[in-house]
Every structure is written in structure tokens, then in C-alpha cells.
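Engineer: So here's data_21.pdb (PDB, C-alpha atoms).
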ATOM      1  CA  MET Y 185     123.132 106.982  71.987
ATOM      2  CA  LYS Y 186     120.095 105.240  70.476
ATOM      3  CA  LYS Y 187     120.705 101.921  72.261
ATOM      4  CA  LEU Y 188     121.238 103.524  75.674
ATOM      5  CA  ILE Y 189     118.100 105.618  75.370
ATOM      6  CA  TYR Y 190     116.168 102.439  74.522
ATOM      7  CA  PHE Y 191     117.359 100.685  77.698
ATOM      8  CA  LEU Y 192     116.457 103.613  79.895
ATOM      9  CA  ALA Y 193     113.114 104.319  78.274
ATOM     10  CA  ALA Y 194     112.038 100.689  78.570
ATOM     11  CA  ALA Y 195     113.001 100.602  82.224
ATOM     12  CA  ALA Y 196     111.086 103.791  82.867
ATOM     13  CA  ILE Y 197     107.896 102.319  81.408
ATOM     14  CA  ALA Y 198     108.187  99.127  83.445
ATOM     15  CA  ALA Y 199     108.653 100.814  86.789
ATOM     16  CA  SER Y 200     106.421 103.821  86.088
ATOM     17  CA  LEU Y 201     109.482 106.000  86.435
ATOM     18  CA  SER Y 202     110.386 109.112  84.526
ATOM     19  CA  GLY Y 203     113.590 110.406  82.997
ATOM     20  CA  CYS Y 204     116.751 108.330  83.377
ATOM     21  CA  ASN Y 205     118.812 108.762  80.243
ATOM     22  CA  ASN Y 206     122.273 109.901  79.202
ATOM     23  CA  GLY Y 207     122.656 112.543  81.901
ATOM     24  CA  SER Y 208     121.210 115.512  80.047
ATOM     25  CA  ASP Y 209     117.881 115.437  81.884
ATOM     26  CA  SER Y 210     117.253 117.461  85.018
ATOM     27  CA  ALA Y 211     117.409 115.926  88.503
ATOM     28  CA  GLN Y 212     113.677 116.418  88.967
ATOM     29  CA  SER Y 213     112.625 113.310  87.068
ATOM     30  CA  ASP Y 214     115.165 111.177  88.935
ATOM     31  CA  ASN Y 215     113.892 112.579  92.237
ATOM     32  CA  GLU Y 216     110.398 111.446  91.287
ATOM     33  CA  ALA Y 217     111.726 107.977  90.451
ATOM     34  CA  VAL Y 218     113.415 107.644  93.842
ATOM     35  CA  SER Y 219     110.348 108.900  95.700
ATOM     36  CA  GLU Y 220     108.016 106.634  93.748
ATOM     37  CA  ASN Y 221     110.107 103.564  94.549
ATOM     38  CA  LYS Y 222     110.503 104.234  98.284
ATOM     39  CA  GLN Y 223     107.572 101.956  99.013
ATOM     40  CA  THR Y 224     107.469  98.904 101.257
ATOM     41  CA  SER Y 225     104.915  96.841  99.340
ATOM     42  CA  SER Y 226     104.346  95.949  95.696
ATOM     43  CA  ILE Y 227     107.852  97.190  94.918
ATOM     44  CA  ALA Y 228     108.542  97.423  91.194
ATOM     45  CA  PHE Y 229     111.938  96.598  89.734
ATOM     46  CA  SER Y 230     113.368  97.338  86.323
ATOM     47  CA  THR Y 231     116.699  97.622  84.549
ATOM     48  CA  ASN Y 232     116.894 101.150  85.997
ATOM     49  CA  ASP Y 233     117.767  99.432  89.278
ATOM     50  CA  PHE Y 234     121.134  98.558  87.736
ATOM     51  CA  ALA Y 235     122.195 102.154  87.116
ATOM     52  CA  LEU Y 236     124.137 104.731  89.117
ATOM     53  CA  TYR Y 237     123.701 108.506  89.247
ATOM     54  CA  THR Y 238     125.630 111.425  90.672
ATOM     55  CA  THR Y 239     124.144 113.345  93.602
ATOM     56  CA  ASP Y 240     123.604 117.041  94.135
ATOM     57  CA  ASP Y 241     124.336 119.011  97.312
ATOM     58  CA  ASP Y 242     121.159 117.627  98.906
ATOM     59  CA  LEU Y 243     122.076 114.005  98.101
ATOM     60  CA  GLN Y 244     119.387 113.834  95.425
ATOM     61  CA  PRO Y 245     119.902 112.233  91.979
ATOM     62  CA  SER Y 246     121.530 114.520  89.455
ATOM     63  CA  LYS Y 247     123.185 112.944  86.378
ATOM     64  CA  PHE Y 248     123.313 109.479  84.868
ATOM     65  CA  LEU Y 249     126.658 107.681  85.258
ATOM     66  CA  CYS Y 250     126.490 104.059  84.185
ATOM     67  CA  MET Y 251     124.148 101.101  83.667
ATOM     68  CA  LEU Y 252     124.321  97.346  83.146
ATOM     69  CA  ASN Y 253     123.564  96.030  79.655
ATOM     70  CA  ALA Y 254     124.382  99.364  78.019
ATOM     71  CA  ASP Y 255     126.912  99.826  75.238
ATOM     72  CA  PRO Y 256     129.782 101.805  76.821
ATOM     73  CA  SER Y 257     130.326 103.694  73.568
ATOM     74  CA  ASP Y 258     126.840 105.182  73.983
ATOM     75  CA  ILE Y 259     127.636 106.761  77.350
ATOM     76  CA  HIS Y 260     128.730 110.370  77.083
ATOM     77  CA  TYR Y 261     129.136 112.918  79.880
ATOM     78  CA  ASN Y 262     128.004 116.448  79.162
ATOM     79  CA  ASP Y 263     128.281 117.437  82.810
ATOM     80  CA  LYS Y 264     131.605 118.214  84.551
ATOM     81  CA  ASN Y 265     130.632 116.507  87.795
ATOM     82  CA  ALA Y 266     129.496 113.366  85.972
ATOM     83  CA  GLN Y 267     132.747 113.365  84.002
ATOM     84  CA  TYR Y 268     134.703 113.672  87.261
ATOM     85  CA  MET Y 269     132.713 110.946  89.007
ATOM     86  CA  SER Y 270     133.031 108.557  86.051
ATOM     87  CA  GLN Y 271     136.683 107.950  86.911
ATOM     88  CA  PHE Y 272     135.524 106.167  90.093
ATOM     89  CA  ILE Y 273     133.278 103.768  88.153
ATOM     90  CA  GLU Y 274     134.984 100.447  87.425
ATOM     91  CA  THR Y 275     133.372  98.393  84.630
ATOM     92  CA  GLU Y 276     133.849  95.201  82.655
ATOM     93  CA  THR Y 277     132.311  94.547  79.254
ATOM     94  CA  ILE Y 278     131.361  91.491  77.226
ATOM     95  CA  HIS Y 279     131.378  91.256  73.431
ATOM     96  CA  VAL Y 280     128.164  89.692  72.136
ATOM     97  CA  LYS Y 281     126.620  88.703  68.838
ATOM     98  CA  GLU Y 282     122.859  88.625  68.652
ATOM     99  CA  GLY Y 283     119.935  88.990  66.284
ATOM    100  CA  ASP Y 284     119.293  92.436  64.868
ATOM    101  CA  LYS Y 285     115.746  93.396  65.861
ATOM    102  CA  GLU Y 286     115.638  96.100  63.206
ATOM    103  CA  ASN Y 287     116.811  93.732  60.448
ATOM    104  CA  PRO Y 288     115.338  90.228  60.918
ATOM    105  CA  GLY Y 289     117.668  87.447  59.783
ATOM    106  CA  GLU Y 290     120.770  89.516  60.377
ATOM    107  CA  SER Y 291     122.981  89.774  63.448
ATOM    108  CA  VAL Y 292     124.872  92.563  65.177
ATOM    109  CA  GLU Y 293     127.989  92.543  67.341
ATOM    110  CA  LYS Y 294     128.423  94.921  70.243
ATOM    111  CA  ASP Y 295     129.961  95.420  73.658
ATOM    112  CA  LEU Y 296     127.750  95.462  76.737
ATOM    113  CA  ILE Y 297     128.567  96.484  80.299
ATOM    114  CA  ARG Y 298     128.290  93.373  82.479
ATOM    115  CA  TYR Y 299     129.936  94.602  85.702
ATOM    116  CA  ILE Y 300     129.883  97.946  87.537
ATOM    117  CA  ASN Y 301     131.657  98.815  90.767
ATOM    118  CA  TYR Y 302     131.789 102.196  92.458
ATOM    119  CA  THR Y 303     135.331 102.310  93.836
ATOM    120  CA  GLY Y 304     134.538 105.277  96.082
ATOM    121  CA  SER Y 305     135.279 108.953  96.559
ATOM    122  CA  ARG Y 306     134.281 111.865  98.806
ATOM    123  CA  ASP Y 307     131.178 112.353  96.622
ATOM    124  CA  ALA Y 308     128.273 109.940  96.812
ATOM    125  CA  VAL Y 309     126.512 108.064  94.045
ATOM    126  CA  ILE Y 310     122.861 107.045  94.233
ATOM    127  CA  THR Y 311     120.605 104.294  92.898
ATOM    128  CA  VAL Y 312     117.083 104.774  91.564
ATOM    129  CA  LYS Y 313     115.822 103.418  94.896
ATOM    130  CA  GLY Y 314     117.585 106.261  96.710
ATOM    131  CA  ILE Y 315     120.509 104.274  98.178
ATOM    132  CA  THR Y 316     123.664 106.387  98.485
ATOM    133  CA  THR Y 317     127.305 105.502  99.133
ATOM    134  CA  THR Y 318     130.778 107.008  99.020
ATOM    135  CA  GLY Y 319     132.420 103.595  98.747
ATOM    136  CA  LEU Y 320     134.481 101.253 100.899
ATOM    137  CA  ASP Y 321     137.522 103.492 101.340
ATOM    138  CA  VAL Y 322     135.654 106.443 102.863
ATOM    139  CA  ASP Y 323     135.108 105.865 106.597
ATOM    140  CA  SER Y 324     132.506 108.584 107.132
ATOM    141  CA  ASN Y 325     128.872 107.470 107.122
ATOM    142  CA  ASP Y 326     127.546 110.964 106.371
ATOM    143  CA  LYS Y 327     126.691 110.344 102.712
ATOM    144  CA  CYS Y 328     125.953 106.623 103.000
ATOM    145  CA  SER Y 329     122.489 105.119 103.407
ATOM    146  CA  PRO Y 330     121.815 103.052 106.540
ATOM    147  CA  VAL Y 331     121.276  99.357 105.924
ATOM    148  CA  GLU Y 332     117.627  99.746 106.967
ATOM    149  CA  ASP Y 333     117.048 101.823 103.824
ATOM    150  CA  VAL Y 334     118.225  98.931 101.641
ATOM    151  CA  ILE Y 335     115.973  96.479 103.492
ATOM    152  CA  THR Y 336     112.957  98.767 103.060
ATOM    153  CA  ALA Y 337     113.637  99.853  99.471
ATOM    154  CA  TYR Y 338     114.018  96.289  98.209
ATOM    155  CA  GLY Y 339     111.441  94.650 100.480
ATOM    156  CA  ILE Y 340     113.884  92.225 102.131
ATOM    157  CA  ASP Y 341     112.384  89.788 104.623
ATOM    158  CA  THR Y 342     115.313  89.577 107.036
ATOM    159  CA  GLU Y 343     113.725  86.768 109.051
ATOM    160  CA  ASN Y 344     112.866  84.353 106.274
ATOM    161  CA  GLU Y 345     115.039  84.960 103.236
ATOM    162  CA  ALA Y 346     118.712  84.673 102.390
ATOM    163  CA  TYR Y 347     120.198  88.059 101.623
ATOM    164  CA  ILE Y 348     123.704  88.046 103.189
ATOM    165  CA  GLU Y 349     126.376  86.647 100.896
ATOM    166  CA  GLY Y 350     129.268  84.840 102.558
ATOM    167  CA  ASP Y 351     130.419  85.491 106.097
ATOM    168  CA  ILE Y 352     129.920  88.350 108.515
ATOM    169  CA  PHE Y 353     133.413  89.565 109.370
ATOM    170  CA  GLU Y 354     134.806  90.218 112.847
ATOM    171  CA  ASP Y 355     134.290  93.968 112.454
ATOM    172  CA  GLY Y 356     130.593  93.355 111.660
ATOM    173  CA  SER Y 357     130.856  94.142 107.945
ATOM    174  CA  TYR Y 358     129.071  91.975 105.388
ATOM    175  CA  THR Y 359     127.627  91.969 101.881
ATOM    176  CA  ILE Y 360     123.970  92.015 100.895
ATOM    177  CA  ARG Y 361     123.357  90.295  97.574
ATOM    178  CA  LEU Y 362     120.068  90.682  95.699
ATOM    179  CA  ASN Y 363     119.361  88.554  92.627
ATOM    180  CA  PHE Y 364     116.995  89.382  89.771
ATOM    181  CA  THR Y 365     115.443  87.674  86.758
ATOM    182  CA  ASP Y 366     116.002  88.633  83.150
ATOM    183  CA  ALA Y 367     114.051  91.654  81.894
ATOM    184  CA  ASP Y 368     110.880  91.415  79.860
ATOM    185  CA  GLU Y 369     110.308  93.449  76.693
ATOM    186  CA  ASN Y 370     109.467  96.513  78.806
ATOM    187  CA  GLY Y 371     112.581  96.305  80.966
ATOM    188  CA  LYS Y 372     110.756  94.929  84.016
ATOM    189  CA  VAL Y 373     112.625  92.465  86.264
ATOM    190  CA  GLU Y 374     111.600  90.478  89.335
ATOM    191  CA  ARG Y 375     113.643  90.073  92.495
ATOM    192  CA  ILE Y 376     114.422  86.420  93.235
ATOM    193  CA  ILE Y 377     113.484  85.554  96.828
ATOM    194  CA  SER Y 378     115.685  82.761  98.183
ATOM    195  CA  PRO Y 379     114.900  80.812 101.392
ATOM    196  CA  LYS Y 380     117.188  81.280 104.367
ATOM    197  CA  ASP Y 381     120.534  79.419 104.176
ATOM    198  CA  THR Y 382     120.476  79.431 100.358
ATOM    199  CA  ASP Y 383     123.830  79.877  98.627
ATOM    200  CA  LEU Y 384     123.074  83.119  96.813
ATOM    201  CA  SER Y 385     125.968  82.675  94.399
ATOM    202  CA  SER Y 386     124.367  79.486  93.070
ATOM    203  CA  THR Y 387     121.026  81.151  92.324
ATOM    204  CA  ASP Y 388     120.149  81.219  88.626
ATOM    205  CA  ALA Y 389     119.978  84.981  88.210
ATOM    206  CA  LYS Y 390     120.404  87.341  85.273
ATOM    207  CA  TYR Y 391     121.308  90.365  87.390
ATOM    208  CA  SER Y 392     122.762  90.853  90.881
ATOM    209  CA  ILE Y 393     123.296  93.852  93.147
ATOM    210  CA  ARG Y 394     125.802  93.806  96.005
ATOM    211  CA  PHE Y 395     125.703  96.310  98.855
ATOM    212  CA  ASN Y 396     128.801  96.312 101.078
ATOM    213  CA  ILE Y 397     127.700  97.062 104.637
ATOM    214  CA  LYS Y 398     130.131  98.571 107.158
ATOM    215  CA  ASN Y 399     129.127 100.093 110.503
ATOM    216  CA  ASP Y 400     125.503  99.441 109.445
ATOM    217  CA  TYR Y 401     125.857 101.785 106.449
ATOM    218  CA  VAL Y 402     126.257 101.145 102.726
ATOM    219  CA  HIS Y 403     129.941 101.470 101.865
ATOM    220  CA  GLY Y 404     129.993 100.151  98.335
ATOM    221  CA  ILE Y 405     127.648  99.161  95.508
ATOM    222  CA  SER Y 406     128.354  96.813  92.613
ATOM    223  CA  TYR Y 407     126.264  95.252  89.830
ATOM    224  CA  PHE Y 408     126.752  92.092  87.767
ATOM    225  CA  MET Y 409     124.969  90.650  84.730
ATOM    226  CA  ASN Y 410     125.136  87.057  83.543
ATOM    227  CA  TYR Y 411     124.943  86.761  79.773
TER
END
Could the structure of this file be written out as C-alpha cells, please?

Structural biologist:
Amino acid sequence: MKKLIYFLAAAAIAASLSGCNNGSDSAQSDNEAVSENKQTSSIAFSTNDFALYTTDDDLQPSKFLCMLNADPSDIHYNDKNAQYMSQFIETETIHVKEGDKENPGESVEKDLIRYINYTGSRDAVITVKGITTTGLDVDSNDKCSPVEDVITAYGIDTENEAYIEGDIFEDGSYTIRLNFTDADENGKVERIISPKDTDLSSTDAKYSIRFNIKNDYVHGISYFMNY
């Protein structure tokens, strides 16, 4: 659990957030994080932006589910709802070898989560920016954030920047892709702003978030990390 706590604590410092760890914390700290990041200017980003949480009956953050760059063996669910929701989280891992910060000159091998996709269920998941979704296969919009919330939460300039990946389909559905830099020592990342008509898949990014938009609501969230 030590590695996972480190990731979450560093992200919390960078974004001035509180409490996003292995799911044992109360929802209150996550609520504060969502509220604090619902701003339209000087928006802070951190590795916490690449995590998913369960929601309570009021669609507020409840328990930690998954996060990019975390060791999957460090993720444990002490909550029944989180355990249930975890079966709808699809992940891919990468095996890496890197320098051991605690033992200079030595190296460690570990698995890291590099891809997360919420496959969808009747219950919503939520990001630290307060974006909720029940996934692509659930037609109801009731527990899904409107696309305007994504635009506001991430400060997207819809007139001047590229943010739609690929084509807009005949039914009006499309994918928003947001790219981010690597994290600094405190877990802070910057969102990469690309000019209109840029091929977002060719952007040199460490992290990416994809929001699947259907009927002008978020019907799917996925994360990817380049290593």
C-alpha cells in the first residue's frame, strides 16, 4: 500500500486537494477536492485527475477505485460497493524496471497501471473534477455529467483548441481527448493545449483522458499513460 499512498499524497499536495487514498477515507475529503477544482480559471491538475471513485446516493465521491501509475497489487477494497464496482473497471498494466529511490544505485521491478476504462453499469463513477458517468452501455443520462461540465472543469477553449478526437458520428456522438504532461516531483501535471485541427493522437503526452460523449452527456471515461 506504501506506493499507492505515495502517488495519492503527492497528487493531493500538487492540487491542494485532500484525501484520495486506498478507499478507507470518508467521502468528505473527496467532496472538498471536487468542489475546489470546479473552477473556470487557474485550474490545477495532478495525478489525482487520472483516478476514479465510486459515488454515493447523492452522486458525490465515496471510495477510491483505480488510478494510473499505481501498482495494482497495492489496491485493496475494504468497501463492498467499491469491491462490486471494481468488476466494471478494465485495466492494462506494464512491467517496468527503474531506479530505486530508497536505495540509490539499485533498481526495482514492478507493474504499473497504464490503462483504465470504465466499462459501465447502473452505478456511476466520478473523477476528482466531479465528472460522472455510467458508461457507454447505459442509455439513461440521469447519472452522467453534461458535456458542458467537462468543458468547464478542464478549461477547454472550444473555439480555438483541438479537443475532439476523430470523427463526430452520425448520431452526434464523439470523443473528447485531453492530453497532459508528465508529473513533477509533487504529482502536478499540466494540460497540453493543442491548436485547432491538431491530430491529438500525435501529441507528445504522458497522460490522456478520453470522455465519450453521447446525447451531449458523458457516457464513458478512459485513461492512458505512455511510459

Engineer: Taking the file above as input, evaluate the PyMOL selection byres ((chain Y and resi 336-348) around 9) and report the hits as a PyMOL selection string.

Structural biologist: chain Y and resi 221-229+313-315+331-335+349-352+358-362+375+377-384

Engineer: Once the PyMOL selection byres ((chain Y and resi 236-244) around 10) is applied to the coordinates I shared, what remains selected? I want it as number ranges by chain.

Structural biologist: Y: 204, 207, 211-212, 214-215, 218, 232-235, 245-252, 265-270, 273, 300-302, 307-312, 314-316, 327-328, 405-407

Engineer: Calculate how many Å separate CA of Ser324 (chain Y) from CA of Asp400 (chain Y), rounding to one decimal.

Structural biologist: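 Interatomic distance here is 11.7 Å.
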
Engineer: May I ask which of the residues Y:Glu369, Y:Thr387, Y:Thr275, Y:Arg394 is the closest one to Ala254 (chain Y), counting all atoms listed in the file?

Structural biologist: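 Looking at the shortest contact to Ala254 (chain Y), the residue is Y:Thr275.
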
Engineer: Once the PyMOL selection byres ((chain Y and resi 322) around 7) is applied to the coordinates I shared, what remains selected? I want it as number ranges by chain.

Structural biologist: Y: 304-306, 318-321, 323-324

Engineer: From the options Y:Asn370, Y:Asn410, Y:Thr303, Y:Asn287, which residue's atoms come nearest to Asn396 (chain Y), counting only C-alpha atoms?

Structural biologist: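 So, comparing all the options, the nearest one is Y:Thr303.
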
Engineer: Give the padded box for region 353-369 of chain Y as lines of an AutoDock Vina configuration file: axis-aligned, covering all atoms listed in the file, 4 Å on each side, centre and edge lengths in Å to one decimal.

Structural biologist:
center_x = 122.6
center_y = 90.9
center_z = 94.8
size_x = 32.5
size_y = 14.5
size_z = 44.2

Engineer: By how many Å are CA of Lys281 (chain Y) and CA of Arg298 (chain Y) apart?

Structural biologist: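 Atom-to-atom, CA of Lys281 (chain Y) and CA of Arg298 (chain Y) are spaced 14.5 Å apart.
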
Engineer: One decimal, in Å: what's the spacing between CA of Asp368 (chain Y) and CA of His260 (chain Y)?

Structural biologist: 26.2 Å

Engineer: Taking into account all atoms listed in the file, which residue in the set Y:Lys390, Y:Lys285, Y:His403, Y:Lys294 is nearest to Thr317 (chain Y)?

Structural biologist: Y:His403

Engineer: Which residues, written as an MDAnalysis selection string, have at least one atom at most 9 Å from Glu374 (chain Y), with only C-alpha atoms counted and residues fewer than 3 positions away on the same chain left out?

Structural biologist: chainID Y and resid 228:230 363:367

Engineer: Kindly indicate which residue among Y:Met409, Y:Ser291, Y:Tyr261, Y:Val280 lies nearest to Tyr391 (chain Y), using all atoms listed in the file for the distances.

Structural biologist: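 Once distances to Tyr391 (chain Y) are computed over all atoms listed in the file, the minimum belongs to Y:Met409.
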
Engineer: Considering all atoms listed in the file, state which residue in the set Y:Val292, Y:Thr231, Y:Pro256, Y:Asn325 is at the smallest distance from Glu274 (chain Y).

Structural biologist: Y:Pro256
